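Listing of run17.csv; format and content: CSV, N, CA and C atoms.
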```
chain,number,residue,atom,x,y,z
A,13,MET,N,-4.0,-13.5,16.4
A,13,MET,CA,-2.9,-12.7,16.6
A,13,MET,C,-2.4,-12.0,15.4
A,14,ALA,N,-2.4,-12.8,14.2
A,14,ALA,CA,-2.0,-12.2,13.0
A,14,ALA,C,-2.8,-11.0,12.6
A,15,ALA,N,-4.1,-11.2,12.7
A,15,ALA,CA,-5.0,-10.1,12.4
A,15,ALA,C,-4.8,-8.8,13.3
A,16,LEU,N,-4.5,-9.1,14.6
A,16,LEU,CA,-4.3,-8.0,15.5
A,16,LEU,C,-2.9,-7.3,15.1
A,17,GLY,N,-1.9,-8.1,14.8
A,17,GLY,CA,-0.6,-7.5,14.4
A,17,GLY,C,-0.8,-6.7,13.1
A,18,THR,N,-1.5,-7.3,12.1
A,18,THR,CA,-1.8,-6.6,10.9
A,18,THR,C,-2.5,-5.2,11.1
A,19,GLY,N,-3.5,-5.3,11.9
A,19,GLY,CA,-4.2,-4.0,12.2
A,19,GLY,C,-3.4,-3.0,12.9
A,20,LEU,N,-2.5,-3.4,13.8
A,20,LEU,CA,-1.6,-2.5,14.5
A,20,LEU,C,-0.6,-1.9,13.5
A,21,ALA,N,-0.1,-2.8,12.6
A,21,ALA,CA,0.9,-2.3,11.6
A,21,ALA,C,0.2,-1.2,10.7
A,22,ILE,N,-1.0,-1.5,10.3
A,22,ILE,CA,-1.7,-0.6,9.4
A,22,ILE,C,-2.0,0.7,10.1
A,23,ALA,N,-2.4,0.6,11.4
A,23,ALA,CA,-2.6,1.9,12.2
A,23,ALA,C,-1.3,2.6,12.3
A,24,GLY,N,-0.2,1.9,12.5
A,24,GLY,CA,1.1,2.6,12.7
A,24,GLY,C,1.5,3.3,11.5
A,25,TYR,N,1.5,2.6,10.3
A,25,TYR,CA,2.0,3.3,9.1
A,25,TYR,C,1.1,4.4,8.6
A,26,THR,N,-0.2,4.2,8.9
A,26,THR,CA,-1.2,5.3,8.5
A,26,THR,C,-0.9,6.5,9.4
A,27,THR,N,-0.7,6.3,10.7
A,27,THR,CA,-0.4,7.5,11.5
A,27,THR,C,0.9,8.2,11.2
A,28,VAL,N,1.9,7.4,11.0
A,28,VAL,CA,3.2,7.9,10.6
A,28,VAL,C,3.1,8.7,9.3
A,29,ASP,N,2.5,8.1,8.3
A,29,ASP,CA,2.3,8.8,7.0
A,29,ASP,C,1.5,10.1,7.1
A,30,GLY,N,0.3,10.0,7.9
A,30,GLY,CA,-0.5,11.1,8.0
A,30,GLY,C,0.2,12.3,8.7
A,31,VAL,N,0.9,12.0,9.8
A,31,VAL,CA,1.6,13.0,10.6
A,31,VAL,C,2.8,13.5,9.7
A,32,GLY,N,3.5,12.6,9.1
A,32,GLY,CA,4.6,13.0,8.3
A,32,GLY,C,4.3,13.9,7.1
A,33,VAL,N,3.3,13.5,6.4
A,33,VAL,CA,2.9,14.3,5.2
A,33,VAL,C,2.4,15.7,5.6
A,34,ARG,N,1.7,15.7,6.7
A,34,ARG,CA,1.2,17.1,7.2
A,34,ARG,C,2.3,17.9,7.7
A,35,ALA,N,3.3,17.3,8.4
A,35,ALA,CA,4.4,18.1,8.9
A,35,ALA,C,5.3,18.5,7.8
A,36,SER,N,5.4,17.8,6.7
A,36,SER,CA,6.3,18.1,5.6
A,36,SER,C,5.8,19.3,4.8
A,37,GLY,N,4.5,19.4,4.8
A,37,GLY,CA,3.9,20.5,4.0
A,37,GLY,C,3.6,20.2,2.5
A,38,THR,N,4.2,19.1,2.1
A,38,THR,CA,3.9,18.7,0.7
A,38,THR,C,3.9,17.2,0.5
A,39,SER,N,2.8,16.7,0.0
A,39,SER,CA,2.7,15.3,-0.2
A,39,SER,C,3.7,14.8,-1.3
A,40,LEU,N,4.0,15.6,-2.3
A,40,LEU,CA,5.0,15.2,-3.3
A,40,LEU,C,6.4,15.1,-2.7
A,41,GLY,N,6.8,16.0,-1.9
A,41,GLY,CA,8.1,16.0,-1.2
A,41,GLY,C,8.2,14.8,-0.3
A,42,TYR,N,7.2,14.5,0.5
A,42,TYR,CA,7.2,13.4,1.4
A,42,TYR,C,7.3,12.1,0.7
A,43,VAL,N,6.5,11.9,-0.4
A,43,VAL,CA,6.5,10.6,-1.1
A,43,VAL,C,7.9,10.5,-1.8
A,44,ALA,N,8.4,11.6,-2.3
A,44,ALA,CA,9.7,11.5,-3.0
A,44,ALA,C,10.8,11.1,-2.0
A,45,TRP,N,10.9,11.7,-0.8
A,45,TRP,CA,11.9,11.2,0.1
A,45,TRP,C,11.7,9.8,0.6
A,46,LEU,N,10.4,9.4,0.8
A,46,LEU,CA,10.1,8.1,1.2
A,46,LEU,C,10.6,7.1,0.1
A,47,MET,N,10.3,7.4,-1.1
A,47,MET,CA,10.7,6.4,-2.2
A,47,MET,C,12.2,6.4,-2.4
A,48,ILE,N,12.9,7.6,-2.2
A,48,ILE,CA,14.3,7.6,-2.3
A,48,ILE,C,15.0,6.7,-1.3
A,49,LEU,N,14.5,6.9,0.0
A,49,LEU,CA,15.0,6.1,1.1
A,49,LEU,C,14.8,4.6,0.9
A,50,GLU,N,13.5,4.3,0.5
A,50,GLU,CA,13.2,2.9,0.3
A,50,GLU,C,14.0,2.4,-1.0
A,51,GLY,N,14.1,3.2,-1.9
A,51,GLY,CA,14.8,2.9,-3.2
A,51,GLY,C,16.3,2.5,-2.9
A,52,LEU,N,16.8,3.0,-1.9
A,52,LEU,CA,18.2,2.7,-1.5
A,52,LEU,C,18.3,1.5,-0.6
A,53,ALA,N,17.4,1.4,0.4
A,53,ALA,CA,17.4,0.4,1.4
A,53,ALA,C,17.1,-1.0,0.8
A,54,ILE,N,16.0,-1.1,0.0
A,54,ILE,CA,15.6,-2.4,-0.4
A,54,ILE,C,16.6,-3.0,-1.4
A,55,PRO,N,17.1,-2.3,-2.4
A,55,PRO,CA,18.1,-3.0,-3.2
A,55,PRO,C,19.4,-3.3,-2.5
A,56,ALA,N,19.8,-2.5,-1.5
A,56,ALA,CA,21.0,-2.8,-0.7
A,56,ALA,C,20.7,-4.1,0.1
A,57,TYR,N,19.5,-4.3,0.6
A,57,TYR,CA,19.2,-5.5,1.3
A,57,TYR,C,19.2,-6.7,0.4
A,58,ALA,N,18.7,-6.5,-0.8
A,58,ALA,CA,18.6,-7.6,-1.8
A,58,ALA,C,20.0,-8.0,-2.2
A,59,TYR,N,20.9,-7.0,-2.4
A,59,TYR,CA,22.3,-7.3,-2.7
A,59,TYR,C,23.0,-8.1,-1.6
A,60,TYR,N,22.7,-7.7,-0.4
A,60,TYR,CA,23.3,-8.3,0.8
A,60,TYR,C,22.8,-9.8,0.9
A,61,ARG,N,21.5,-10.0,0.7
A,61,ARG,CA,20.9,-11.3,0.9
A,61,ARG,C,21.3,-12.2,-0.3
A,62,HIS,N,21.3,-11.7,-1.5
A,62,HIS,CA,21.5,-12.5,-2.7
A,62,HIS,C,22.7,-12.0,-3.5
A,63,ARG,N,23.9,-12.2,-3.0
A,63,ARG,CA,25.1,-11.7,-3.6
A,63,ARG,C,25.3,-12.2,-5.0
A,64,ALA,N,24.7,-13.3,-5.4
A,64,ALA,CA,25.0,-13.9,-6.6
A,64,ALA,C,24.4,-13.2,-7.8
A,65,GLY,N,23.9,-12.0,-7.6
A,65,GLY,CA,23.5,-11.2,-8.7
A,65,GLY,C,22.0,-11.0,-8.8
A,66,PRO,N,21.3,-10.3,-8.0
A,66,PRO,CA,19.9,-10.1,-8.1
A,66,PRO,C,19.5,-9.4,-9.4
A,67,ALA,N,20.4,-8.6,-10.0
A,67,ALA,CA,20.0,-8.0,-11.3
A,67,ALA,C,19.7,-9.0,-12.3
A,68,ALA,N,20.5,-10.1,-12.4
A,68,ALA,CA,20.3,-11.1,-13.4
A,68,ALA,C,19.0,-11.9,-13.2
A,69,GLN,N,18.7,-12.1,-11.9
A,69,GLN,CA,17.4,-12.8,-11.5
A,69,GLN,C,16.2,-11.9,-11.8
A,70,LEU,N,16.3,-10.6,-11.7
A,70,LEU,CA,15.2,-9.7,-11.9
A,70,LEU,C,15.0,-9.2,-13.3
A,71,ARG,N,16.1,-9.3,-14.1
A,71,ARG,CA,16.0,-8.8,-15.5
A,71,ARG,C,14.8,-9.2,-16.3
A,72,PRO,N,14.3,-10.5,-16.2
A,72,PRO,CA,13.1,-10.9,-17.0
A,72,PRO,C,11.9,-10.1,-16.5
A,73,PHE,N,11.9,-9.6,-15.3
A,73,PHE,CA,10.7,-9.0,-14.8
A,73,PHE,C,10.8,-7.5,-14.7
A,74,ALA,N,11.8,-6.9,-15.3
A,74,ALA,CA,12.2,-5.5,-15.1
A,74,ALA,C,11.0,-4.5,-15.6
A,75,VAL,N,10.5,-4.8,-16.8
A,75,VAL,CA,9.5,-3.9,-17.3
A,75,VAL,C,8.2,-3.9,-16.5
A,76,ARG,N,7.8,-5.1,-16.2
A,76,ARG,CA,6.6,-5.3,-15.3
A,76,ARG,C,6.8,-4.7,-13.9
A,77,GLY,N,8.0,-4.9,-13.4
A,77,GLY,CA,8.4,-4.4,-12.1
A,77,GLY,C,8.4,-2.9,-12.0
A,78,LEU,N,9.0,-2.3,-13.0
A,78,LEU,CA,9.1,-0.8,-13.1
A,78,LEU,C,7.7,-0.2,-13.2
A,79,LEU,N,6.8,-0.8,-14.1
A,79,LEU,CA,5.4,-0.4,-14.2
A,79,LEU,C,4.7,-0.5,-12.9
A,80,GLY,N,4.8,-1.6,-12.2
A,80,GLY,CA,4.2,-1.8,-10.9
A,80,GLY,C,4.7,-0.8,-9.9
A,81,ALA,N,6.0,-0.5,-9.9
A,81,ALA,CA,6.6,0.5,-9.0
A,81,ALA,C,6.1,1.9,-9.3
A,82,ALA,N,6.0,2.2,-10.5
A,82,ALA,CA,5.4,3.5,-10.9
A,82,ALA,C,4.0,3.7,-10.4
A,83,LEU,N,3.2,2.7,-10.7
A,83,LEU,CA,1.8,2.7,-10.2
A,83,LEU,C,1.7,2.8,-8.7
A,84,SER,N,2.6,2.1,-8.0
A,84,SER,CA,2.6,2.1,-6.6
A,84,SER,C,2.9,3.5,-6.0
A,85,VAL,N,3.9,4.1,-6.6
A,85,VAL,CA,4.3,5.5,-6.2
A,85,VAL,C,3.1,6.4,-6.4
A,86,VAL,N,2.5,6.3,-7.6
A,86,VAL,CA,1.3,7.2,-7.8
A,86,VAL,C,0.2,6.9,-6.8
A,87,ALA,N,-0.1,5.7,-6.6
A,87,ALA,CA,-1.2,5.3,-5.6
A,87,ALA,C,-0.9,5.8,-4.2
A,88,HIS,N,0.4,5.6,-3.8
A,88,HIS,CA,0.8,6.1,-2.5
A,88,HIS,C,0.7,7.6,-2.4
A,89,GLY,N,1.2,8.2,-3.4
A,89,GLY,CA,1.2,9.7,-3.5
A,89,GLY,C,-0.3,10.2,-3.4
A,90,LEU,N,-1.2,9.6,-4.0
A,90,LEU,CA,-2.6,10.0,-4.0
A,90,LEU,C,-3.2,9.9,-2.6
A,91,VAL,N,-2.8,8.7,-1.9
A,91,VAL,CA,-3.3,8.5,-0.5
A,91,VAL,C,-2.7,9.6,0.4
A,92,LEU,N,-1.4,9.9,0.2
A,92,LEU,CA,-0.8,10.9,1.0
A,92,LEU,C,-1.4,12.3,0.8
A,93,TRP,N,-1.6,12.6,-0.5
A,93,TRP,CA,-2.3,13.9,-0.8
A,93,TRP,C,-3.7,13.9,-0.1
A,94,ALA,N,-4.4,12.8,-0.1
A,94,ALA,CA,-5.7,12.8,0.5
A,94,ALA,C,-5.6,13.0,2.0
A,95,GLN,N,-4.5,12.5,2.6
A,95,GLN,CA,-4.3,12.6,4.0
A,95,GLN,C,-4.1,14.0,4.4
A,96,THR,N,-3.7,14.9,3.5
A,96,THR,CA,-3.5,16.3,3.8
A,96,THR,C,-4.8,17.1,3.7
A,97,ARG,N,-5.8,16.4,3.2
A,97,ARG,CA,-7.1,17.1,2.9
A,97,ARG,C,-8.2,16.6,3.8
A,98,ALA,N,-8.1,15.5,4.4
A,98,ALA,CA,-9.2,14.9,5.2
A,98,ALA,C,-8.7,14.2,6.5
A,99,ARG,N,-9.6,13.8,7.3
A,99,ARG,CA,-9.2,13.0,8.5
A,99,ARG,C,-8.6,11.7,8.1
A,100,LEU,N,-7.7,11.2,8.9
A,100,LEU,CA,-7.0,10.0,8.6
A,100,LEU,C,-7.8,8.7,8.6
A,101,ALA,N,-8.8,8.6,9.5
A,101,ALA,CA,-9.5,7.4,9.6
A,101,ALA,C,-10.3,7.0,8.3
A,102,PRO,N,-11.1,8.0,7.8
A,102,PRO,CA,-11.8,7.6,6.5
A,102,PRO,C,-10.8,7.3,5.4
A,103,ILE,N,-9.7,8.0,5.3
A,103,ILE,CA,-8.8,7.8,4.2
A,103,ILE,C,-8.2,6.4,4.4
A,104,ALA,N,-7.9,6.0,5.6
A,104,ALA,CA,-7.3,4.7,5.9
A,104,ALA,C,-8.3,3.6,5.5
A,105,ALA,N,-9.6,3.8,5.9
A,105,ALA,CA,-10.6,2.8,5.6
A,105,ALA,C,-10.7,2.6,4.1
A,106,LEU,N,-10.8,3.7,3.3
A,106,LEU,CA,-10.9,3.6,1.9
A,106,LEU,C,-9.6,3.0,1.3
A,107,ARG,N,-8.5,3.3,1.9
A,107,ARG,CA,-7.2,2.7,1.4
A,107,ARG,C,-7.2,1.2,1.5
A,108,GLU,N,-7.6,0.8,2.7
A,108,GLU,CA,-7.6,-0.7,2.9
A,108,GLU,C,-8.8,-1.4,2.2
A,109,SER,N,-9.7,-0.6,1.7
A,109,SER,CA,-10.8,-1.3,1.0
A,109,SER,C,-10.3,-1.9,-0.4
A,110,SER,N,-9.1,-1.5,-0.7
A,110,SER,CA,-8.5,-2.1,-1.9
A,110,SER,C,-8.4,-3.6,-1.8
A,111,ILE,N,-8.5,-4.1,-0.6
A,111,ILE,CA,-8.4,-5.6,-0.4
A,111,ILE,C,-9.6,-6.2,-1.1
A,112,ILE,N,-10.7,-5.5,-1.1
A,112,ILE,CA,-11.9,-6.1,-1.9
A,112,ILE,C,-11.6,-6.2,-3.4
A,113,VAL,N,-11.0,-5.1,-3.9
A,113,VAL,CA,-10.6,-5.1,-5.3
A,113,VAL,C,-9.6,-6.2,-5.6
A,114,GLY,N,-8.6,-6.4,-4.7
A,114,GLY,CA,-7.6,-7.5,-4.8
A,114,GLY,C,-8.3,-8.8,-4.8
A,115,ALA,N,-9.3,-9.0,-4.0
A,115,ALA,CA,-10.0,-10.3,-3.9
A,115,ALA,C,-10.7,-10.5,-5.2
A,116,ALA,N,-11.4,-9.5,-5.7
A,116,ALA,CA,-12.1,-9.6,-7.0
A,116,ALA,C,-11.1,-9.9,-8.2
A,117,ILE,N,-10.0,-9.3,-8.2
A,117,ILE,CA,-9.0,-9.6,-9.2
A,117,ILE,C,-8.5,-11.0,-9.1
A,118,GLY,N,-8.3,-11.5,-7.9
A,118,GLY,CA,-7.9,-12.9,-7.7
A,118,GLY,C,-8.9,-13.8,-8.2
A,119,THR,N,-10.2,-13.5,-8.0
A,119,THR,CA,-11.2,-14.4,-8.5
A,119,THR,C,-11.4,-14.4,-10.0
A,120,LEU,N,-11.4,-13.2,-10.5
A,120,LEU,CA,-11.6,-13.0,-12.0
A,120,LEU,C,-10.4,-13.5,-12.8
A,121,PHE,N,-9.2,-13.1,-12.4
A,121,PHE,CA,-8.1,-13.4,-13.3
A,121,PHE,C,-7.3,-14.6,-12.9
A,122,PHE,N,-7.3,-14.9,-11.6
A,122,PHE,CA,-6.4,-16.0,-11.1
A,122,PHE,C,-7.3,-17.2,-10.7
A,123,LYS,N,-8.6,-17.2,-10.9
A,123,LYS,CA,-9.5,-18.3,-10.6
A,123,LYS,C,-9.5,-18.7,-9.1
A,124,GLU,N,-9.2,-17.8,-8.2
A,124,GLU,CA,-9.3,-18.1,-6.8
A,124,GLU,C,-10.7,-18.2,-6.4
A,125,ARG,N,-11.0,-19.0,-5.3
A,125,ARG,CA,-12.3,-19.1,-4.8
A,125,ARG,C,-12.7,-17.8,-4.1
A,126,PHE,N,-14.0,-17.4,-4.3
A,126,PHE,CA,-14.5,-16.3,-3.6
A,126,PHE,C,-15.6,-16.8,-2.7
A,127,GLY,N,-15.2,-17.6,-1.7
A,127,GLY,CA,-16.2,-18.3,-0.8
A,127,GLY,C,-16.7,-17.4,0.3
A,128,ALA,N,-17.4,-18.1,1.2
A,128,ALA,CA,-18.1,-17.4,2.3
A,128,ALA,C,-17.1,-16.6,3.1
A,129,PRO,N,-15.9,-17.0,3.5
A,129,PRO,CA,-15.0,-16.1,4.3
A,129,PRO,C,-14.7,-14.8,3.6
A,130,ARG,N,-14.4,-14.8,2.3
A,130,ARG,CA,-14.1,-13.6,1.6
A,130,ARG,C,-15.4,-12.7,1.4
A,131,ILE,N,-16.5,-13.3,1.2
A,131,ILE,CA,-17.8,-12.6,1.1
A,131,ILE,C,-18.1,-11.9,2.5
A,132,ALA,N,-17.9,-12.6,3.6
A,132,ALA,CA,-18.1,-12.0,4.9
A,132,ALA,C,-17.1,-10.9,5.2
A,133,ALA,N,-15.9,-11.1,4.8
A,133,ALA,CA,-14.9,-10.1,5.1
A,133,ALA,C,-15.1,-8.8,4.2
A,134,ALA,N,-15.5,-9.0,3.0
A,134,ALA,CA,-15.8,-7.9,2.1
A,134,ALA,C,-17.1,-7.2,2.6
A,135,GLY,N,-18.1,-7.9,3.1
A,135,GLY,CA,-19.3,-7.3,3.6
A,135,GLY,C,-19.0,-6.5,4.9
A,136,LEU,N,-18.1,-7.0,5.8
A,136,LEU,CA,-17.8,-6.3,7.0
A,136,LEU,C,-17.0,-5.0,6.6
A,137,MET,N,-16.2,-5.1,5.6
A,137,MET,CA,-15.4,-3.9,5.3
A,137,MET,C,-16.4,-2.8,4.7
A,138,VAL,N,-17.3,-3.2,3.9
A,138,VAL,CA,-18.3,-2.3,3.3
A,138,VAL,C,-19.1,-1.7,4.4
A,139,VAL,N,-19.6,-2.5,5.4
A,139,VAL,CA,-20.3,-1.9,6.5
A,139,VAL,C,-19.5,-1.0,7.3
A,140,GLY,N,-18.3,-1.3,7.6
A,140,GLY,CA,-17.4,-0.4,8.3
A,140,GLY,C,-17.2,0.9,7.6
A,141,ILE,N,-17.0,0.9,6.3
A,141,ILE,CA,-16.8,2.1,5.5
A,141,ILE,C,-18.1,2.9,5.5
A,142,GLY,N,-19.2,2.2,5.4
A,142,GLY,CA,-20.5,2.9,5.5
A,142,GLY,C,-20.8,3.6,6.8
A,143,MET,N,-20.2,3.1,7.9
A,143,MET,CA,-20.4,3.7,9.2
A,143,MET,C,-19.5,4.8,9.5
A,144,MET,N,-18.5,5.1,8.6
A,144,MET,CA,-17.6,6.2,8.8
A,144,MET,C,-18.4,7.5,8.7
A,145,PRO,N,-18.0,8.5,9.5
A,145,PRO,CA,-18.7,9.8,9.4
A,145,PRO,C,-18.2,10.4,8.0
A,146,HIS,N,-19.0,11.2,7.4
A,146,HIS,CA,-18.8,11.7,6.1
A,146,HIS,C,-18.3,13.2,6.2
A,147,THR,N,-17.8,13.6,7.3
A,147,THR,CA,-17.3,15.0,7.4
A,147,THR,C,-15.8,15.0,7.1
A,148,THR,N,-15.3,16.2,6.8
A,148,THR,CA,-13.9,16.3,6.5
A,148,THR,C,-13.2,17.2,7.5
A,149,SER,N,-13.8,17.5,8.6
A,149,SER,CA,-13.2,18.4,9.6
A,149,SER,C,-12.3,17.6,10.5
```
Structure translated into structure tokens:
Amino acid sequence: MAALGTGLAIAGYTTVDGVGVRASGTSLGYVAWLMILEGLAIPAYAYYRHRAGPAAQLRPFAVRGLLGAALSVVAHGLVLWAQTRARLAPIAALRESSIIVGAAIGTLFFKERFGAPRIAAAGLMVVGIGMMPHTTS
């Protein structure tokens, strides 16, 4: 059920992003509004949830967090730009293939096991991507 829910969530946000960025006419404008709205909602929720001062708790991680946020905005912007240029399904497949990169990073830098389940999942993802049509129409 968790995998089905995850798949439905991915399909949902991919469709919303794809339709939204195409309707907006500009990937830069779409990602800017998305980040502005999220940039207001998430800190407001954090303040509501942790009134004792989330800023003090986050201060030690500020530089790393801001770098991660900037990279996230750039990565999301690139995906949205790609969604204006090609069909959504191949873009979504390539976007989610970052799971393989994440698993490799976990293994190399965090010494996580890369056992049979991860190898099978990575292999299935590669096969799925390979089966995608290579047209852009």
> Which value, in Å to one decimal, gives the distance between atom CA of A:Thr27 and atom N of A:Ala104?
Replying inline: 9.7 Å
> Taking only C-alpha atoms into account, which of A:Val33, A:Ile131, A:Val75, A:Leu120 comes nearest A:Gly89?
Replying inline: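 The shortest atom-to-atom distance to A:Gly89 comes from A:Val33.
Ranking A:Phe126, A:Tyr60, A:Tyr42, A:Tyr25 by their shortest atom-to-atom distance to A:Leu90, with only C-alpha atoms included, puts A:Tyr42 first.
With distances restricted to only C-alpha atoms, A:Leu92 is the closest residue to A:Leu46 from A:Leu92, A:Gly114, A:Leu83, A:Thr18.
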> What does the distance between atom CA of A:Ser39 and atom CA of A:Val113 come to in Å, to one decimal place?
Replying inline: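 About the pair atom CA of A:Ser39 and atom CA of A:Val113: they are 24.9 Å apart.
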>> Can you tell me, as a ChimeraX atom specification, which residues in chain A count as helix (DSSP H, G or I) by DSSP?
In response: /A:14-36,39-61,66-95,100-108,110-122,128-142
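Taking atom N of A:Arg125 as the reference point, atom C of A:Ser110 is found at 16.0 Å.
Close contacts of A:Asp29, defined as residues with an atom at most 8 Å away when counting all atoms listed in the file, with chain neighbours fewer than 4 positions off set aside, comprise Ala23, Gly24, Tyr25, Val33, Arg34, Ala35, Val91, Leu92, Gln95 and Thr96 of chain A.
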> With only C-alpha atoms as the basis for distance, which of A:Gly140, A:Gly30, A:Gly51, A:Gly127 is at the shortest distance from A:Ala81?
Replying inline: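 When distances to A:Ala81 are compared using only C-alpha atoms, the smallest one comes from A:Gly51.
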>> Could you check the closest approach to A:Ala133 for each of A:Ile112, A:Gly65, A:Leu70, A:Met47 and tell me which residue wins, using all atoms listed in the file?
In response: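 Checking each of A:Ile112, A:Gly65, A:Leu70, A:Met47 against A:Ala133, counting all atoms listed in the file, the winner is A:Ile112.
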